[in-house]
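Engineer: work-v7.txt is reproduced below (compact mmCIF, C-alpha atoms and all ligand atoms).
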# COMPACT_ATOMS: atom_id res chain seq x y z
CA MET O 1 37.84 -28.62 -31.78
CA GLU O 2 34.06 -28.65 -32.02
CA VAL O 3 31.93 -27.19 -29.20
CA VAL O 4 28.74 -29.19 -28.63
CA LYS O 5 25.92 -27.27 -26.89
CA ILE O 6 24.06 -29.89 -24.89
CA THR O 7 20.29 -29.38 -24.57
CA PRO O 8 18.30 -29.09 -22.42
CA ARG O 9 20.57 -27.11 -20.11
CA GLY O 10 20.37 -24.08 -17.80
CA TYR O 11 17.40 -22.49 -16.05
CA CYS O 12 14.53 -24.81 -15.16
CA HIS O 13 10.92 -23.63 -14.71
CA GLY O 14 11.36 -23.50 -10.90
CA VAL O 15 14.27 -21.09 -11.14
CA VAL O 16 12.58 -18.91 -13.76
CA GLU O 17 9.48 -18.61 -11.55
CA ALA O 18 11.53 -17.91 -8.39
CA ILE O 19 13.50 -15.15 -10.09
CA ARG O 20 10.28 -13.62 -11.43
CA ALA O 21 8.70 -13.72 -7.94
CA LEU O 22 11.66 -11.96 -6.36
CA ARG O 23 11.78 -9.36 -9.13
CA VAL O 24 8.08 -8.58 -8.69
CA ALA O 25 8.48 -8.42 -4.88
CA SER O 26 11.38 -5.98 -5.10
CA GLU O 27 9.54 -3.80 -7.66
CA GLU O 28 6.20 -3.82 -5.81
CA HIS O 29 7.74 -2.84 -2.49
CA PRO O 30 10.49 -0.37 -3.43
CA ASP O 31 10.31 1.44 -0.07
CA GLU O 32 10.27 -1.66 2.12
CA PRO O 33 13.13 -3.98 3.00
CA VAL O 34 13.05 -7.17 0.93
CA ALA O 35 14.97 -10.20 2.19
CA MET O 36 15.51 -13.59 0.59
CA LEU O 37 15.68 -16.40 3.06
CA GLY O 38 18.79 -18.23 1.90
CA TYR O 39 20.06 -18.29 -1.67
CA LEU O 40 17.05 -17.93 -4.01
CA VAL O 41 18.79 -20.41 -6.24
CA HIS O 42 22.27 -21.72 -5.69
CA ASN O 43 24.05 -19.26 -7.91
CA GLU O 44 26.21 -16.33 -6.79
CA HIS O 45 25.57 -14.30 -9.96
CA VAL O 46 21.80 -14.35 -9.45
CA THR O 47 22.29 -13.42 -5.77
CA ARG O 48 24.60 -10.53 -6.67
CA GLU O 49 22.14 -9.21 -9.25
CA PHE O 50 19.45 -9.00 -6.57
CA ALA O 51 21.84 -7.56 -3.98
CA ASP O 52 22.47 -4.74 -6.49
CA ARG O 53 18.70 -4.09 -6.48
CA GLY O 54 18.73 -3.79 -2.68
CA VAL O 55 17.47 -7.31 -1.88
CA ARG O 56 19.16 -8.60 1.29
CA LEU O 57 20.40 -12.21 1.40
CA VAL O 58 19.82 -13.68 4.85
CA ASP O 59 21.76 -16.90 5.13
CA ALA O 60 22.11 -19.08 8.24
CA PRO O 61 22.53 -22.80 8.99
CA SER O 62 18.75 -23.20 8.96
CA ARG O 63 15.81 -21.24 7.54
CA LEU O 64 14.40 -20.69 11.05
CA GLU O 65 17.67 -19.09 12.18
CA ALA O 66 17.69 -16.97 9.03
CA LEU O 67 14.14 -15.85 9.76
CA ASP O 68 15.26 -14.61 13.19
CA GLN O 69 17.23 -11.95 11.32
CA VAL O 70 14.20 -10.55 9.46
CA ASP O 71 11.91 -8.23 11.43
CA SER O 72 10.00 -6.25 8.85
CA GLY O 73 9.08 -5.90 5.20
CA THR O 74 8.93 -8.71 2.67
CA VAL O 75 10.55 -12.11 2.98
CA VAL O 76 10.96 -14.32 -0.09
CA LEU O 77 11.03 -18.08 0.42
CA THR O 78 13.31 -19.80 -2.05
CA ALA O 79 12.60 -22.45 -4.72
CA HIS O 80 13.89 -25.14 -2.30
CA GLY O 81 10.86 -24.70 -0.03
CA VAL O 82 10.66 -24.29 3.75
CA SER O 83 9.04 -26.21 6.59
CA PRO O 84 5.49 -25.23 7.62
CA GLU O 85 6.96 -23.86 10.88
CA VAL O 86 9.06 -21.29 8.99
CA LYS O 87 6.03 -20.10 7.03
CA GLU O 88 3.84 -19.86 10.13
CA ARG O 89 6.52 -17.96 12.05
CA ALA O 90 7.07 -15.52 9.18
CA LEU O 91 3.33 -14.76 9.05
CA ALA O 92 3.16 -14.46 12.86
CA LYS O 93 5.95 -11.86 12.66
CA GLY O 94 3.73 -9.79 10.36
CA LEU O 95 6.03 -10.16 7.37
CA ASN O 96 4.78 -10.03 3.80
CA VAL O 97 5.58 -13.59 2.69
CA VAL O 98 6.35 -14.30 -0.98
CA ASP O 99 6.56 -18.04 -1.49
CA ALA O 100 8.76 -18.95 -4.47
CA THR O 101 8.85 -22.67 -3.70
CA CYS O 102 9.10 -24.69 -6.93
CA THR O 103 5.91 -26.57 -7.79
CA ASP O 104 7.92 -29.81 -7.97
CA VAL O 105 9.12 -29.31 -4.39
CA ILE O 106 5.56 -28.48 -3.26
CA ARG O 107 4.50 -31.84 -4.71
CA THR O 108 7.05 -33.63 -2.49
CA HIS O 109 5.82 -31.66 0.57
CA ASP O 110 2.24 -32.72 -0.23
CA LEU O 111 3.29 -36.35 -0.66
CA VAL O 112 5.20 -36.50 2.64
CA ARG O 113 2.35 -34.79 4.52
CA ARG O 114 -0.21 -37.21 3.02
CA LEU O 115 1.93 -40.29 3.76
CA SER O 116 2.50 -39.16 7.33
CA MET O 117 -1.22 -38.53 7.87
CA ASP O 118 -1.89 -42.04 6.51
CA GLY O 119 0.44 -43.50 9.15
CA TYR O 120 3.51 -44.21 7.00
CA GLU O 121 7.07 -44.24 8.25
CA ILE O 122 9.01 -42.39 5.54
CA VAL O 123 12.59 -42.71 4.32
CA TYR O 124 13.76 -39.60 2.46
CA ILE O 125 16.90 -39.81 0.30
CA GLY O 126 18.54 -36.41 0.35
CA ARG O 127 21.59 -34.34 1.20
CA ARG O 128 22.13 -33.31 4.82
CA GLY O 129 22.48 -29.55 5.17
CA HIS O 130 20.61 -28.83 1.91
CA PRO O 131 17.54 -26.61 2.38
CA GLU O 132 15.15 -28.91 0.50
CA PRO O 133 15.36 -31.87 2.97
CA GLU O 134 15.14 -29.36 5.82
CA GLY O 135 11.84 -28.03 4.45
CA VAL O 136 10.35 -31.42 3.53
CA GLY O 137 11.43 -32.89 6.89
CA GLY O 138 9.39 -30.21 8.63
CA GLU O 139 6.20 -31.73 7.17
CA ALA O 140 6.61 -34.92 9.21
CA PRO O 141 9.44 -34.58 11.73
CA GLU O 142 8.33 -37.62 13.73
CA ALA O 143 7.86 -39.94 10.76
CA LEU O 144 10.73 -39.07 8.42
CA HIS O 145 14.26 -40.56 8.30
CA LEU O 146 16.82 -38.75 6.15
CA VAL O 147 19.33 -41.08 4.47
CA GLU O 148 22.22 -40.06 2.27
CA THR O 149 24.33 -43.20 1.86
CA LEU O 150 24.10 -46.99 1.86
CA ALA O 151 25.65 -46.94 5.34
CA ASP O 152 22.68 -44.86 6.54
CA VAL O 153 20.32 -47.56 5.20
CA GLU O 154 22.15 -50.24 7.19
CA GLY O 155 21.62 -48.22 10.36
CA LEU O 156 17.85 -47.84 9.82
CA GLU O 157 15.40 -49.48 12.18
CA LEU O 158 11.91 -49.19 10.70
CA THR O 159 9.11 -50.65 12.74
CA GLY O 160 6.01 -49.10 11.08
CA GLU O 161 3.32 -51.18 9.38
CA LYS O 162 3.38 -48.92 6.34
CA LEU O 163 6.74 -47.82 4.85
CA ALA O 164 7.56 -45.46 2.00
CA VAL O 165 10.69 -44.01 0.44
CA THR O 166 10.93 -40.76 -1.49
CA THR O 167 13.72 -38.52 -2.81
CA GLN O 168 15.10 -34.99 -3.00
CA THR O 169 14.16 -33.49 -6.39
CA THR O 170 17.70 -32.66 -7.52
CA LEU O 171 19.40 -36.02 -7.03
CA SER O 172 20.09 -38.36 -9.93
CA VAL O 173 18.24 -41.59 -10.65
CA TRP O 174 21.64 -43.25 -10.61
CA ASP O 175 22.35 -41.79 -7.12
CA THR O 176 19.22 -43.18 -5.61
CA LYS O 177 19.10 -46.56 -7.40
CA ALA O 178 21.48 -48.48 -5.10
CA ILE O 179 19.90 -47.01 -1.96
CA ILE O 180 16.38 -47.90 -3.11
CA GLU O 181 17.49 -51.42 -4.04
CA ARG O 182 19.02 -51.92 -0.59
CA LEU O 183 15.92 -50.52 1.10
CA ARG O 184 13.78 -53.00 -0.87
CA GLU O 185 16.01 -55.86 0.24
CA ARG O 186 15.84 -54.84 3.89
CA PHE O 187 12.18 -53.76 3.90
CA PRO O 188 10.38 -55.62 1.08
CA ARG O 189 7.06 -53.89 1.78
CA ILE O 190 8.44 -50.35 1.28
CA GLU O 191 6.61 -48.23 -1.34
CA VAL O 192 8.80 -46.20 -3.70
CA HIS O 193 7.86 -42.62 -4.68
CA ASN O 194 10.50 -41.16 -7.02
CA GLU O 195 10.38 -37.37 -6.72
CA ILE O 196 13.39 -36.45 -8.87
CA CYS O 197 12.10 -33.58 -10.99
CA ASN O 198 11.90 -33.79 -14.79
CA ALA O 199 14.22 -30.83 -15.29
CA THR O 200 16.99 -32.53 -13.31
CA GLN O 201 16.44 -35.89 -14.95
CA GLU O 202 16.33 -34.51 -18.52
CA ARG O 203 19.51 -32.45 -18.05
CA GLN O 204 21.40 -35.41 -16.60
CA GLN O 205 20.25 -37.80 -19.33
CA ALA O 206 21.14 -35.32 -22.08
CA ALA O 207 24.58 -34.73 -20.54
CA VAL O 208 25.38 -38.45 -20.28
CA GLU O 209 24.17 -39.18 -23.84
CA ALA O 210 26.02 -36.24 -25.40
CA ALA O 211 29.17 -36.91 -23.36
CA ALA O 212 29.49 -40.32 -24.98
CA ALA O 213 30.31 -38.53 -28.27
CA CYS O 214 32.60 -35.92 -26.65
CA ASP O 215 36.15 -36.06 -25.31
CA VAL O 216 35.50 -33.74 -22.41
CA VAL O 217 32.51 -31.93 -20.88
CA VAL O 218 32.31 -28.51 -19.24
CA VAL O 219 29.52 -27.94 -16.71
CA VAL O 220 28.75 -24.29 -16.01
CA GLY O 221 27.37 -23.43 -12.58
CA SER O 222 28.00 -22.90 -8.93
CA SER O 223 29.69 -25.43 -6.65
CA ARG O 224 26.84 -24.66 -4.19
CA SER O 225 24.26 -26.08 -6.59
CA SER O 226 23.30 -29.69 -5.96
CA ASN O 227 21.98 -30.35 -9.49
CA THR O 228 25.09 -28.76 -11.07
CA LYS O 229 27.47 -30.96 -9.09
CA ARG O 230 25.40 -34.01 -10.03
CA LEU O 231 25.85 -33.15 -13.73
CA VAL O 232 29.63 -33.33 -13.30
CA GLN O 233 29.31 -36.59 -11.42
CA VAL O 234 27.01 -38.37 -13.89
CA VAL O 235 29.25 -37.46 -16.84
CA GLN O 236 32.33 -38.76 -15.00
CA GLU O 237 30.75 -41.90 -13.58
CA LEU O 238 28.31 -42.94 -16.30
CA ALA O 239 29.79 -41.61 -19.53
CA HIS O 240 33.37 -42.08 -18.23
CA ARG O 241 34.45 -38.75 -19.61
CA PRO O 242 36.40 -35.98 -17.87
CA ALA O 243 34.00 -33.24 -16.70
CA TYR O 244 34.96 -29.86 -15.25
CA LEU O 245 32.82 -27.47 -13.24
CA VAL O 246 33.35 -23.78 -14.05
CA ASP O 247 31.65 -20.81 -12.47
CA THR O 248 32.57 -18.49 -15.35
CA ALA O 249 34.65 -18.52 -18.54
CA ALA O 250 37.62 -17.30 -16.49
CA ASP O 251 37.87 -20.75 -14.87
CA LEU O 252 38.48 -22.55 -18.20
CA GLN O 253 41.97 -24.05 -18.48
CA GLU O 254 43.41 -24.73 -21.94
CA GLU O 255 45.19 -27.92 -20.85
CA TRP O 256 41.81 -29.60 -20.21
CA PHE O 257 41.17 -29.55 -23.96
CA SER O 258 44.56 -30.57 -25.26
CA GLY O 259 43.98 -33.11 -28.05
CA ALA O 260 40.16 -32.93 -27.64
CA ARG O 261 38.11 -33.00 -30.85
CA ARG O 262 34.69 -32.42 -29.30
CA VAL O 263 33.87 -30.54 -26.11
CA GLY O 264 30.35 -30.71 -24.67
CA VAL O 265 28.90 -27.80 -22.67
CA THR O 266 25.99 -28.00 -20.29
CA SER O 267 24.88 -25.98 -17.26
CA GLY O 268 23.03 -26.36 -13.98
CA ALA O 269 19.37 -25.45 -13.56
CA SER O 270 20.33 -22.25 -11.71
CA THR O 271 23.00 -20.96 -14.11
CA PRO O 272 22.20 -17.70 -15.97
CA SER O 273 22.29 -18.27 -19.75
CA GLN O 274 24.56 -15.28 -20.27
CA ILE O 275 27.35 -17.00 -18.31
CA THR O 276 26.96 -20.21 -20.29
CA ARG O 277 27.03 -18.20 -23.54
CA ASP O 278 30.32 -16.57 -22.43
CA VAL O 279 31.81 -20.00 -21.72
CA ILE O 280 30.71 -21.30 -25.14
CA ARG O 281 32.13 -18.21 -26.87
CA THR O 282 35.47 -18.58 -25.06
CA LEU O 283 35.68 -22.27 -25.95
CA GLU O 284 34.91 -21.45 -29.60
CA GLN O 285 37.71 -18.89 -29.56
CA MET O 286 40.07 -21.52 -28.10
CA ALA O 287 38.98 -23.85 -30.89
CA GLU O 288 39.85 -21.42 -33.68
CA PRO O 289 43.13 -22.19 -35.43
CA ARG O 290 45.80 -19.82 -34.17
CA PRO O 291 47.38 -17.56 -36.82
CA THR O 292 50.86 -18.84 -37.52
CA SER O 293 53.54 -16.17 -37.56
CA VAL O 294 55.03 -15.46 -40.99
CA THR O 295 57.96 -13.30 -41.81
CA ALA O 296 56.94 -10.62 -44.28
CA ASP O 297 59.24 -9.44 -47.00
CA PRO O 298 60.80 -6.17 -45.99
CA VAL O 299 58.85 -3.22 -47.40
CA PRO O 300 61.07 -0.51 -48.81
CA SER O 301 60.71 2.44 -46.52
CA THR O 302 59.78 5.87 -47.77
CA PRO O 303 61.24 8.73 -45.81
CA GLY O 304 58.69 10.05 -43.31
CA SER O 305 56.27 7.05 -43.51
CA GLY O 306 56.71 5.44 -40.10
CA SER O 307 54.83 2.17 -39.69
CA PRO O 308 52.79 1.66 -36.50
CA ALA O 309 55.43 -0.80 -35.34
CA GLU O 310 57.97 1.93 -35.41
CA GLU O 311 55.92 4.44 -33.45
S1 LIG O 401 15.72 -28.25 -10.23
FE1 LIG O 401 13.67 -29.16 -10.32
S2 LIG O 401 12.87 -28.96 -8.25
FE2 LIG O 401 14.61 -27.60 -8.37
S3 LIG O 401 13.73 -25.62 -8.94
FE3 LIG O 401 14.27 -26.66 -10.84
S4 LIG O 401 12.41 -27.73 -11.53
FE4 LIG O 401 12.17 -27.19 -9.36
Could I get this file's structure written as structure tokens?
Ligand code: SF4

Structural biologist:
Amino acid sequence: MEVVKITPRGYCHGVVEAIRALRVASEEHPDEPVAMLGYLVHNEHVTREFADRGVRLVDAPSRLEALDQVDSGTVVLTAHGVSPEVKERALAKGLNVVDATCTDVIRTHDLVRRLSMDGYEIVYIGRRGHPEPEGVGGEAPEALHLVETLADVEGLELTGEKLAVTTQTTLSVWDTKAIIERLRERFPRIEVHNEICNATQERQQAAVEAAAACDVVVVVGSSRSSNTKRLVQVVQELAHRPAYLVDTAADLQEEWFSGARRVGVTSGASTPSQITRDVIRTLEQMAEPRPTSVTADPVPSTPGSGSPAEE
């Protein structure tokens, strides 16, 4: 069995920068409490590493509710971004605010703010309950409609003169295609602004292309991570190959690879490389031919020379 390392995979620039920002914040303020508002990136291993350094994870259904639990010290805003209200409230509380919002997410915030100021009614394709739509929605609460499915599009009543649609950065082009097509049918004058980030798009395209030459694909990452789950989905739905999500090498199951000649490995944008390397190493060990047991000729024993097997 051959193990194919799909590239690009793993950490994107937004995650690398967010981790660096939190590291600097925790080192610069060793005597102050440092809190991260929600998961810095959607990966438990990264969160645990920071918890070990004394960084407190403050998680709640919304970023505003999480902020209610932080009264002093430094607060780190995650790569997913927050609404302007969260930022203003954090500053009003006198907190030292470290903003680790990914530059690609900032671009979507800027776009939505600009469209709203220009009088557009905005449709935003995203996942309910994910922090990124929560933050972007805060830029134009009166003008923005969050849609997740085709059924949501059917229920939309848009009356504005100017209409625009944009997207959460970590969706797939394939996810949004049908929704955008239906929006165009219902509202022919709607302007389309695709905000899916390059990192997400490149990883999904590479996974689908490589999967076509593999029998099975392993995606390494957390089930909390939107872009990681999408990788599994695009391999299954577009390359028509079985794809399995594993958090660590311990989740690998030998029966998934029975009869497989090529196994592809990729990972989400928030998965530490070390964990992906462990998964690759374990798969390579599974791929090695097992030693077959042979019966050795009996060795004449010398008195007093006990073999290890006899000890
Ligand atoms: S997945 Fe894209 S938007 Fe999200 S942090 Fe990475 S680069 Fe930024």

Engineer: Have a look at CA of Gly73 (chain O) and CA of Tyr39 (chain O) and let me know their distance in Å, one decimal.

Structural biologist: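 Here the two named atoms are 17.9 Å from each other.
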
Engineer: Between O:Arg63, O:Glu121, O:Val98, O:Ala213, which one has atoms that come closest to Pro133 (chain O), using all atoms listed in the file?

Structural biologist: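 The answer is O:Arg63, which sits nearest to Pro133 (chain O).
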
Engineer: Name each residue within 10 Å of ligand LIG 401 (chain O), counting all atoms listed in the file, as a PyMOL selection string.

Structural biologist: chain O and resi 10-18+40-42+78-81+100-108+132+168-171+195-201+203+225-228+268-270

Engineer: For a test of reading the model, state the distance in Å between CA of Leu22 (chain O) and CA of Ser62 (chain O), rounded to one decimal.

Structural biologist: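 Distance between the two atoms: 20.3 Å.
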
Engineer: Residues at most 6 Å from Tyr124 (chain O), counting all atoms listed in the file, excluding those fewer than 6 positions away in the same chain, as number ranges by chain?

Structural biologist: O: 145-146, 165-167

Engineer: Calculate how many Å separate CA of Glu88 (chain O) from CA of Val147 (chain O), rounding to one decimal.

Structural biologist: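 Between these atoms lies a distance of 26.9 Å.
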
Engineer: So, counting only C-alpha atoms, which residue among O:Ala151, O:Asp118, O:Val4, O:Arg182 is closest to Asp215 (chain O)?

Structural biologist: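 Of O:Ala151, O:Asp118, O:Val4, O:Arg182, the one nearest Asp215 (chain O) is O:Val4, counting only C-alpha atoms.
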
Engineer: Using all atoms listed in the file, find the one residue out of O:Val3, O:Met117, O:Ala51, O:Ala92 that sits nearest to Gln285 (chain O).

Structural biologist: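 Of O:Val3, O:Met117, O:Ala51, O:Ala92, the one nearest Gln285 (chain O) is O:Val3, counting all atoms listed in the file.
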
Engineer: Identify which of the residues O:Gln204, O:Gln236, O:Gln69, O:Ser83 lies closest to Thr266 (chain O), counting only C-alpha atoms when measuring atom-to-atom distances.

Structural biologist: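 Closest to Thr266 (chain O), using only C-alpha atoms: O:Gln204.
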
Engineer: Identify which of the residues O:Val217, O:Leu231, O:Ala211, O:Val263 lies closest to Ala243 (chain O), counting all atoms listed in the file when measuring atom-to-atom distances.

Structural biologist: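 Closest candidate: O:Val217.
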
Engineer: I'd like the neighbourhood of Ala140 (chain O) as an mmCIF file with C-alpha atoms, in the frame of the given file, where a residue qualifies if any of its atoms comes within 8 Å (using all atoms listed in the file), though same-chain residues fewer than 4 positions away should be ignored.

Structural biologist:
data_model
loop_
_atom_site.group_PDB
_atom_site.id
_atom_site.type_symbol
_atom_site.label_atom_id
_atom_site.label_comp_id
_atom_site.auth_asym_id
_atom_site.auth_seq_id
_atom_site.Cartn_x
_atom_site.Cartn_y
_atom_site.Cartn_z
ATOM 1 C CA VAL O 112 5.200 -36.500 2.640
ATOM 2 C CA ARG O 113 2.350 -34.790 4.520
ATOM 3 C CA SER O 116 2.500 -39.160 7.330
ATOM 4 C CA VAL O 136 10.350 -31.420 3.530
ATOM 5 C CA LEU O 144 10.730 -39.070 8.420
#

Engineer: So which one's closest to Arg53 (chain O), O:Glu85, O:Thr74, O:Asp68, O:Ser26? Using all atoms listed in the file, please.

Structural biologist: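 Going through O:Glu85, O:Thr74, O:Asp68, O:Ser26 one by one, the smallest distance to Arg53 (chain O) is for O:Ser26.
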